[in-house]
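**Q** Input structure: entry_22.txt, which contains compact mmCIF, C-alpha atoms and all ligand atoms.
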# COMPACT_ATOMS: atom_id res chain seq x y z
CA MET A 1 -23.28 -93.62 83.48
CA ARG A 2 -19.58 -92.85 83.80
CA ARG A 3 -18.30 -92.44 87.32
CA ARG A 4 -16.39 -89.30 88.15
CA ILE A 5 -12.73 -90.17 88.30
CA ARG A 6 -11.21 -89.22 91.63
CA THR A 7 -7.61 -88.23 91.74
CA ARG A 8 -5.31 -88.16 94.75
CA GLU A 9 -6.76 -85.31 96.72
CA ALA A 10 -5.11 -84.09 99.86
CA PRO A 11 -7.62 -85.45 102.41
CA ARG A 12 -7.47 -88.97 100.95
CA TYR A 13 -4.96 -91.71 101.36
CA ALA A 14 -2.58 -91.55 98.46
CA GLY A 15 -2.76 -95.25 97.60
CA PRO A 16 -3.13 -96.39 94.02
CA VAL A 17 -6.39 -95.18 92.45
CA ILE A 18 -7.96 -97.92 90.38
CA GLN A 19 -11.01 -97.29 88.29
CA PRO A 20 -13.51 -99.78 86.87
CA THR A 21 -14.54 -99.45 83.24
CA PRO A 22 -18.15 -98.28 82.50
CA ALA A 23 -20.64 -100.87 83.64
CA LEU A 24 -22.10 -103.57 81.39
CA PRO A 25 -23.62 -106.30 83.60
CA TRP A 26 -21.91 -109.68 83.74
CA THR A 27 -18.67 -108.38 82.27
CA THR A 28 -15.23 -107.89 83.74
CA ALA A 29 -14.79 -104.45 85.32
CA PHE A 30 -11.06 -104.72 85.96
CA VAL A 31 -8.18 -107.12 86.36
CA TYR A 32 -5.33 -105.96 88.58
CA ALA A 33 -2.18 -107.74 89.65
CA LEU A 34 -2.07 -106.55 93.26
CA PRO A 35 0.61 -107.44 95.82
CA HIS A 36 -1.62 -110.10 97.41
CA GLY A 37 -2.98 -111.66 94.26
CA VAL A 38 -4.91 -111.07 91.07
CA ALA A 39 -8.00 -108.99 91.78
CA VAL A 40 -10.89 -109.23 89.34
CA GLY A 41 -13.92 -106.94 89.45
CA TYR A 42 -17.12 -108.12 87.78
CA HIS A 43 -20.06 -105.84 87.00
CA LEU A 44 -23.42 -106.96 88.40
CA PRO A 45 -26.85 -106.01 87.06
CA GLU A 46 -29.03 -103.52 88.91
CA GLY A 47 -31.66 -105.09 91.11
CA PRO A 48 -32.33 -108.49 92.68
CA ASP A 49 -34.04 -110.17 89.68
CA PRO A 50 -33.35 -113.89 89.18
CA VAL A 51 -30.14 -114.45 87.23
CA ASP A 52 -30.75 -115.42 83.59
CA PRO A 53 -30.22 -119.13 82.81
CA GLU A 54 -27.63 -118.19 80.18
CA ILE A 55 -25.57 -116.44 82.87
CA LEU A 56 -26.04 -119.35 85.28
CA ALA A 57 -24.76 -121.59 82.50
CA ARG A 58 -21.36 -119.87 82.79
CA LEU A 59 -20.89 -121.44 86.25
CA THR A 60 -19.44 -124.89 86.85
CA GLY A 61 -22.06 -127.56 87.56
CA ALA A 62 -21.72 -127.59 91.36
CA GLU A 63 -21.69 -123.80 91.56
CA ARG A 64 -24.80 -123.63 89.38
CA THR A 65 -26.66 -126.06 91.62
CA HIS A 66 -25.76 -123.90 94.64
CA ALA A 67 -26.70 -120.66 92.83
CA GLU A 68 -30.09 -122.00 91.68
CA ALA A 69 -31.15 -122.38 95.31
CA LEU A 70 -30.34 -118.75 96.13
CA ARG A 71 -32.67 -115.75 95.75
CA GLY A 72 -32.47 -112.00 95.16
CA TYR A 73 -29.21 -110.08 95.67
CA ARG A 74 -27.68 -113.14 97.33
CA GLN A 75 -27.98 -115.06 94.05
CA VAL A 76 -26.67 -112.16 91.94
CA GLN A 77 -23.68 -111.66 94.25
CA PHE A 78 -22.80 -115.34 94.53
CA VAL A 79 -22.85 -115.71 90.74
CA GLY A 80 -20.80 -112.52 90.28
CA GLY A 81 -18.19 -113.67 92.78
CA ARG A 82 -17.80 -117.05 91.08
CA LEU A 83 -17.56 -115.50 87.61
CA ALA A 84 -14.91 -113.08 88.93
CA LEU A 85 -13.02 -116.09 90.34
CA ALA A 86 -13.22 -117.78 86.95
CA VAL A 87 -11.59 -114.78 85.28
CA ALA A 88 -8.88 -114.77 87.97
CA PHE A 89 -8.16 -118.47 87.37
CA GLY A 90 -7.72 -117.66 83.70
CA GLU A 91 -5.35 -114.81 84.52
CA LEU A 92 -3.24 -117.17 86.63
CA GLY A 93 -3.28 -119.77 83.86
CA THR A 94 -4.90 -122.39 86.07
CA ARG A 95 -7.76 -124.70 85.22
CA ARG A 96 -11.24 -123.57 86.17
CA ALA A 97 -12.63 -125.50 89.13
CA PRO A 98 -15.86 -125.23 91.10
CA VAL A 99 -15.51 -123.07 94.21
CA LEU A 100 -18.04 -124.08 96.83
CA THR A 101 -18.37 -122.80 100.36
CA ASP A 102 -17.32 -124.23 103.73
CA GLU A 103 -19.74 -124.43 106.68
CA HIS A 104 -18.79 -120.88 107.74
CA GLY A 105 -19.28 -119.32 104.30
CA ALA A 106 -15.63 -119.20 103.18
CA PRO A 107 -14.85 -120.09 99.58
CA ILE A 108 -12.97 -123.38 99.13
CA LEU A 109 -10.30 -122.87 96.48
CA PRO A 110 -8.69 -125.73 94.53
CA GLU A 111 -5.44 -127.16 95.96
CA GLY A 112 -2.53 -124.77 95.53
CA LEU A 113 -4.65 -121.63 95.29
CA VAL A 114 -6.07 -119.25 97.87
CA GLY A 115 -8.77 -116.68 97.34
CA SER A 116 -11.38 -114.39 98.75
CA ILE A 117 -14.53 -112.61 97.57
CA THR A 118 -16.37 -109.40 98.30
CA HIS A 119 -19.39 -107.75 96.72
CA LYS A 120 -21.57 -104.70 96.61
CA GLN A 121 -24.88 -104.45 94.71
CA ASP A 122 -23.21 -103.55 91.40
CA LEU A 123 -19.78 -105.16 91.67
CA ALA A 124 -18.23 -108.43 92.79
CA VAL A 125 -14.49 -108.71 93.40
CA ALA A 126 -12.43 -111.89 93.68
CA LEU A 127 -8.82 -112.08 94.79
CA VAL A 128 -6.84 -115.21 93.90
CA ALA A 129 -3.20 -116.10 94.55
CA ARG A 130 -1.02 -119.17 94.29
CA GLY A 131 0.06 -120.89 97.50
CA ARG A 132 -1.48 -121.71 100.85
CA VAL A 133 -1.13 -118.43 102.70
CA GLY A 134 -4.54 -116.98 103.56
CA VAL A 135 -5.78 -113.92 101.69
CA GLY A 136 -8.76 -111.66 102.21
CA VAL A 137 -10.43 -108.95 100.15
CA ASP A 138 -13.10 -106.44 101.08
CA LEU A 139 -14.87 -103.52 99.41
CA GLU A 140 -16.53 -100.71 101.39
CA GLU A 141 -18.41 -97.51 100.56
CA THR A 142 -16.99 -94.17 101.65
CA THR A 143 -19.76 -91.84 100.49
CA ARG A 144 -22.29 -91.89 103.33
CA PRO A 145 -20.92 -91.71 106.87
CA ARG A 146 -22.87 -94.19 109.00
CA PRO A 147 -23.42 -93.22 112.61
CA GLY A 148 -22.26 -95.72 115.20
CA VAL A 149 -19.96 -97.72 112.92
CA ALA A 150 -16.73 -96.29 114.35
CA GLU A 151 -17.78 -97.13 117.91
CA ARG A 152 -18.71 -100.69 116.84
CA VAL A 153 -15.60 -101.60 114.83
CA LEU A 154 -12.75 -99.57 116.33
CA THR A 155 -10.83 -100.09 119.58
CA PRO A 156 -10.59 -97.17 122.04
CA ARG A 157 -7.04 -96.46 120.79
CA GLU A 158 -8.19 -96.43 117.15
CA LEU A 159 -11.15 -94.21 118.03
CA GLU A 160 -8.83 -91.78 119.74
CA ALA A 161 -6.55 -91.71 116.67
CA VAL A 162 -9.50 -91.17 114.31
CA ARG A 163 -10.80 -88.28 116.43
CA THR A 164 -7.50 -86.42 116.07
CA LEU A 165 -8.09 -86.19 112.29
CA VAL A 166 -9.86 -83.33 110.56
CA PRO A 167 -13.60 -84.17 110.25
CA SER A 168 -13.41 -84.78 106.48
CA ARG A 169 -10.88 -87.59 107.05
CA GLN A 170 -12.49 -89.29 110.01
CA TRP A 171 -15.03 -91.35 108.06
CA VAL A 172 -12.58 -92.47 105.38
CA ASP A 173 -10.06 -93.49 108.05
CA THR A 174 -12.80 -95.48 109.80
CA VAL A 175 -13.80 -97.19 106.55
CA VAL A 176 -10.21 -98.17 105.78
CA ARG A 177 -9.82 -99.71 109.24
CA PHE A 178 -13.18 -101.48 108.93
CA SER A 179 -12.43 -102.85 105.47
CA VAL A 180 -8.98 -104.09 106.43
CA LYS A 181 -10.46 -105.82 109.51
CA GLU A 182 -12.96 -107.64 107.29
CA SER A 183 -10.12 -108.69 104.99
CA VAL A 184 -8.13 -109.90 108.01
CA TYR A 185 -11.13 -111.96 109.07
CA LYS A 186 -11.50 -113.56 105.66
CA ALA A 187 -7.78 -114.32 105.51
CA ILE A 188 -7.55 -116.01 108.92
CA HIS A 189 -10.97 -117.47 109.62
CA PRO A 190 -10.48 -120.58 107.48
CA THR A 191 -7.37 -121.39 109.59
CA LEU A 192 -8.53 -120.17 113.01
CA GLN A 193 -12.08 -121.48 112.67
CA ARG A 194 -13.41 -119.07 115.27
CA TYR A 195 -15.19 -115.72 115.23
CA VAL A 196 -12.70 -112.86 115.56
CA GLY A 197 -14.19 -109.68 116.97
CA PHE A 198 -13.41 -106.18 115.73
CA GLY A 199 -11.75 -105.41 119.08
CA GLU A 200 -9.16 -108.16 118.63
CA VAL A 201 -7.24 -106.42 115.86
CA GLU A 202 -6.10 -102.85 115.30
CA VAL A 203 -5.45 -101.36 111.87
CA TRP A 204 -3.07 -98.45 111.37
CA PRO A 205 -3.62 -97.09 107.85
CA GLY A 206 -0.58 -95.84 105.96
CA THR A 207 -0.73 -92.79 103.71
CA ASP A 208 0.88 -94.91 100.97
CA GLY A 209 -1.91 -97.51 101.12
CA VAL A 210 0.21 -99.98 103.11
CA ASP A 211 -1.48 -100.63 106.44
CA ARG A 212 -0.12 -102.05 109.69
CA ILE A 213 -2.03 -104.73 111.59
CA GLU A 214 -1.67 -105.10 115.31
CA ALA A 215 -3.16 -108.28 116.74
CA LEU A 216 -4.32 -107.94 120.36
CA VAL A 217 -4.83 -111.65 121.10
CA PRO A 218 -2.32 -114.53 120.92
CA ASP A 219 -3.91 -116.72 118.23
CA VAL A 220 -4.26 -113.77 115.85
CA ALA A 221 -0.75 -112.56 116.73
CA ALA A 222 0.43 -115.97 115.53
CA PHE A 223 0.09 -114.64 111.95
CA THR A 224 2.31 -112.26 110.03
CA PHE A 225 0.08 -109.79 108.18
CA GLU A 226 0.48 -107.65 105.12
CA ALA A 227 -2.39 -105.26 104.42
CA ARG A 228 -3.11 -102.73 101.70
CA HIS A 229 -5.93 -100.52 100.55
CA ALA A 230 -6.71 -98.68 97.33
CA TRP A 231 -9.55 -96.61 95.92
CA ILE A 232 -12.01 -97.92 93.37
CA GLY A 233 -14.09 -94.90 92.48
CA GLU A 234 -15.72 -93.90 95.78
CA ARG A 235 -14.93 -97.20 97.47
CA ILE A 236 -12.06 -98.68 99.41
CA LEU A 237 -10.72 -102.06 98.31
CA SER A 238 -8.55 -103.73 100.92
CA THR A 239 -6.46 -106.86 100.62
CA VAL A 240 -4.70 -108.84 103.33
CA ARG A 241 -2.22 -111.70 103.33
CA ALA A 242 -1.92 -113.66 106.59
CA GLU A 243 0.86 -116.19 107.04
CA PRO A 244 1.13 -118.37 110.16
CA LYS A 245 4.46 -117.52 111.90
C1 LIG A 301 -17.86 -112.82 106.94
C2 LIG A 301 -17.77 -111.33 106.69
C3 LIG A 301 -16.32 -110.88 106.88
C4 LIG A 301 -18.22 -111.04 105.24
O1 LIG A 301 -18.12 -109.67 104.92
P1 LIG A 301 -19.34 -108.81 104.34
O2 LIG A 301 -18.91 -107.39 104.29
O3 LIG A 301 -20.58 -109.15 105.10
O4 LIG A 301 -19.59 -109.33 102.87
P2 LIG A 301 -18.62 -109.33 101.61
O5 LIG A 301 -19.47 -109.15 100.41
O6 LIG A 301 -17.47 -108.39 101.78
O7 LIG A 301 -18.04 -110.80 101.63
C5 LIG A 301 -18.86 -111.91 101.37
C6 LIG A 301 -17.94 -113.07 101.05
O8 LIG A 301 -17.14 -113.34 102.20
C7 LIG A 301 -16.71 -114.69 102.11
N1 LIG A 301 -16.81 -115.27 103.43
C8 LIG A 301 -17.95 -115.47 104.16
N2 LIG A 301 -17.61 -116.05 105.34
C9 LIG A 301 -16.28 -116.20 105.36
C10 LIG A 301 -15.35 -116.75 106.29
N3 LIG A 301 -15.76 -117.24 107.45
N4 LIG A 301 -14.03 -116.77 105.98
C11 LIG A 301 -13.60 -116.26 104.80
N5 LIG A 301 -14.44 -115.72 103.85
C12 LIG A 301 -15.76 -115.71 104.14
C13 LIG A 301 -17.59 -115.39 101.08
O9 LIG A 301 -16.81 -115.64 99.94
C14 LIG A 301 -18.65 -114.36 100.77
O10 LIG A 301 -19.07 -114.34 99.41
P3 LIG A 301 -19.85 -115.59 98.75
O11 LIG A 301 -20.85 -116.04 99.78
O12 LIG A 301 -20.49 -115.04 97.53
O13 LIG A 301 -18.83 -116.63 98.47
C15 LIG A 301 -18.67 -110.51 107.68
O14 LIG A 301 -20.03 -110.75 107.40
C16 LIG A 301 -18.42 -110.79 109.14
O15 LIG A 301 -18.96 -111.73 109.71
N6 LIG A 301 -17.66 -109.94 109.84
C17 LIG A 301 -17.52 -109.96 111.26
C18 LIG A 301 -16.19 -110.44 111.71
C19 LIG A 301 -15.08 -109.50 111.36
O16 LIG A 301 -15.02 -108.95 110.28
N7 LIG A 301 -14.17 -109.28 112.29
C20 LIG A 301 -13.04 -108.44 112.06
C21 LIG A 301 -12.00 -108.74 113.07
S1 LIG A 301 -10.44 -109.09 112.37
For the file at hand, write its structure as structure tokens.
Ligand SMILES: CC(C)(COP(=O)(O)OP(=O)(O)OC[C@H]1O[C@@H](n2cnc3c(N)ncnc32)[C@H](O)[C@@H]1OP(=O)(O)O)[C@@H](O)C(=O)NCCC(=O)NCCS
**A**
Amino acid sequence: MRRRIRTREAPRYAGPVIQPTPALPWTTAFVYALPHGVAVGYHLPEGPDPVDPEILARLTGAERTHAEALRGYRQVQFVGGRLALAVAFGELGTRRAPVLTDEHGAPILPEGLVGSITHKQDLAVALVARGRVGVGVDLEETTRPRPGVAERVLTPRELEAVRTLVPSRQWVDTVVRFSVKESVYKAIHPTLQRYVGFGEVEVWPGTDGVDRIEALVPDVAAFTFEARHAWIGERILSTVRAEPK
């Protein structure tokens, strides 16, 4: 089924609108050279059925061993994320290497590369860049407002700012802030090695898709952040680059 293509409507942020191609499971949905790295979307099959051995065979040996121990959506999403990473390696012209997971769940990229992963039931996205500066990627739904999320993930100042918006924009603004915070977390956690709460960072979305990060605690303020968001169909894709000052 083709998704309705959204254009830049007035109540939405006017960031770049990027659209995946129609879905065929286990194929590349999109490849975009974004400011923080190459982003690859990978279509996932519907449902949590075990991943076919021929798809598992596309993984590197160590990844396959890890994937074989997983079940349900977790297995599908892990495999999709690794296959998206593999496409991104190809786009960067680097050799494919197994990407395993550290003790906190972060992907361990080969020397000289940094990367991050996000997934929903039907799509995995990997972001890969050259260098050592942390990157994060996150994908969030905008369609169904979820009660209580704003209060859980926004600071009092952010909540106040969101509540000044017209009702139709409040949920999208909340989702952008939420997604960027998750990307911030993925970008800095491998360096900080501690849990960072949603109240420790503020996100100020820009109408051009360039977002400002304000760190409220010293160890997070020790990074220089760049953050962006864009639409993929009905979802927000955020990316963050976090460089120690
Ligand atoms: C870890 C977390 C960010 C993952 O986000 P999510 O929306 O649950 O799931 P996503 O599909 O977007 O991302 C999952 C991927 O995140 C990555 N990830 C998990 N833990 C991670 C970590 N500590 N550091 C970096 N990346 C991590 C993994 O690659 C994982 O995919 P994989 O297991 O297939 O490799 C989230 O569960 C979490 O704990 N958030 C709370 C902390 C937070 O966001 N604070 C914001 C303050 S700045």
**Q** Write out as a PDB file with C-alpha atoms, in the frame of the given file which residues come within 8 Å of stretch 100-114 of chain A when counting all atoms listed in the file, dropping same-chain ones fewer than 3 positions away.
**A**
ATOM      1  CA  ALA A  62     -21.720-127.590  91.360  1.00  0.00           C
ATOM      2  CA  GLU A  63     -21.690-123.800  91.560  1.00  0.00           C
ATOM      3  CA  ALA A  97     -12.630-125.500  89.130  1.00  0.00           C
ATOM      4  CA  ILE A 117     -14.530-112.610  97.570  1.00  0.00           C
ATOM      5  CA  VAL A 128      -6.840-115.210  93.900  1.00  0.00           C
ATOM      6  CA  ALA A 129      -3.200-116.100  94.550  1.00  0.00           C
ATOM      7  CA  ARG A 130      -1.020-119.170  94.290  1.00  0.00           C
ATOM      8  CA  GLY A 131       0.060-120.890  97.500  1.00  0.00           C
ATOM      9  CA  ARG A 132      -1.480-121.710 100.850  1.00  0.00           C
ATOM     10  CA  VAL A 133      -1.130-118.430 102.700  1.00  0.00           C
ATOM     11  CA  GLY A 134      -4.540-116.980 103.560  1.00  0.00           C
ATOM     12  CA  VAL A 135      -5.780-113.920 101.690  1.00  0.00           C
ATOM     13  CA  LYS A 186     -11.500-113.560 105.660  1.00  0.00           C
ATOM     14  CA  PRO A 190     -10.480-120.580 107.480  1.00  0.00           C
TER      15      PRO A 190
END
**Q** What does the list of residues within 7 Å of ligand LIG 301 (chain A) look like if you count all atoms listed in the file, written as a PyMOL selection string?
**A** chain A and resi 77-78+81+101+104-107+116-120+138-139+181-187+189-190+195-201
**Q** Kindly give the distance, in Å, that separates atom CA of A:Ala126 and atom CA of A:Ala84, rounded to a single decimal.
**A** 5.5 Å
**Q** Taking all atoms listed in the file into account, which of A:Val203, A:Leu70, A:Ile213, A:Ile232 comes nearest A:Val125?
**A**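 Selected residue with least distance to A:Val125: A:Ile232.
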**Q** Could you work out how far atom CA of A:Gly47 lies from atom CA of A:Ala150, giving the answer in Å with one decimal?
**A** 29.0 Å
**Q** Would you compute the distance between atom CA of A:Arg152 and atom CA of A:Val76? Give it in Å to one decimal.
**A**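 Value for the atom CA of A:Arg152-atom CA of A:Val76 distance: 28.5 Å.
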**Q** Which one of A:Pro156, A:Gly72, A:Pro205, A:Pro25 sits closest to A:Arg169 if you count all atoms listed in the file?
**A**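 Closest to A:Arg169 of all the choices is A:Pro205.
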**Q** Which residues, written as an MDAnalysis selection string, have at least one atom at most 10 Å from A:Glu158, with only C-alpha atoms counted and residues fewer than 2 positions away on the same chain left out?
**A** chainID A and resid 150:151 153:156 160:163 173:174 177 199 202:204
**Q** For the point (-14.7, -96.2, 98.4) in file coordinates, what residues are within 9 Å, counting only C-alpha atoms? Give the answer as a list in words?
**A**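 Checking each residue against the 9 Å limit leaves Leu139, Glu140, Glu141, Thr142, Thr143, Val172, Val175, Val176, Ala230, Trp231, Ile232, Gly233, Glu234, Arg235, Ile236 and Leu237 of chain A.
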**Q** What would the file look like if the residues just selected were written as a CSV table (one decimal), keeping the file's coordinate frame with C-alpha atoms?
**A**
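Contents of selection_2.csv, as written:
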chain,number,residue,atom,x,y,z
A,139,LEU,CA,-14.9,-103.5,99.4
A,140,GLU,CA,-16.5,-100.7,101.4
A,141,GLU,CA,-18.4,-97.5,100.6
A,142,THR,CA,-17.0,-94.2,101.6
A,143,THR,CA,-19.8,-91.8,100.5
A,172,VAL,CA,-12.6,-92.5,105.4
A,175,VAL,CA,-13.8,-97.2,106.6
A,176,VAL,CA,-10.2,-98.2,105.8
A,230,ALA,CA,-6.7,-98.7,97.3
A,231,TRP,CA,-9.6,-96.6,95.9
A,232,ILE,CA,-12.0,-97.9,93.4
A,233,GLY,CA,-14.1,-94.9,92.5
A,234,GLU,CA,-15.7,-93.9,95.8
A,235,ARG,CA,-14.9,-97.2,97.5
A,236,ILE,CA,-12.1,-98.7,99.4
A,237,LEU,CA,-10.7,-102.1,98.3
**Q** Which one is closest to A:His36: A:Val149, A:Val217, A:Val166, A:Leu127? Count all atoms listed in the file.
**A** A:Leu127
**Q** Which residues are close to A:Asp122, i.e. within 8 Å by all atoms listed in the file, leaving aside same-chain residues fewer than 4 positions away? Reply as a list in words.
**A**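 Here the qualifying residues turn out to be His43, Leu44, Pro45 and Glu46 of chain A.
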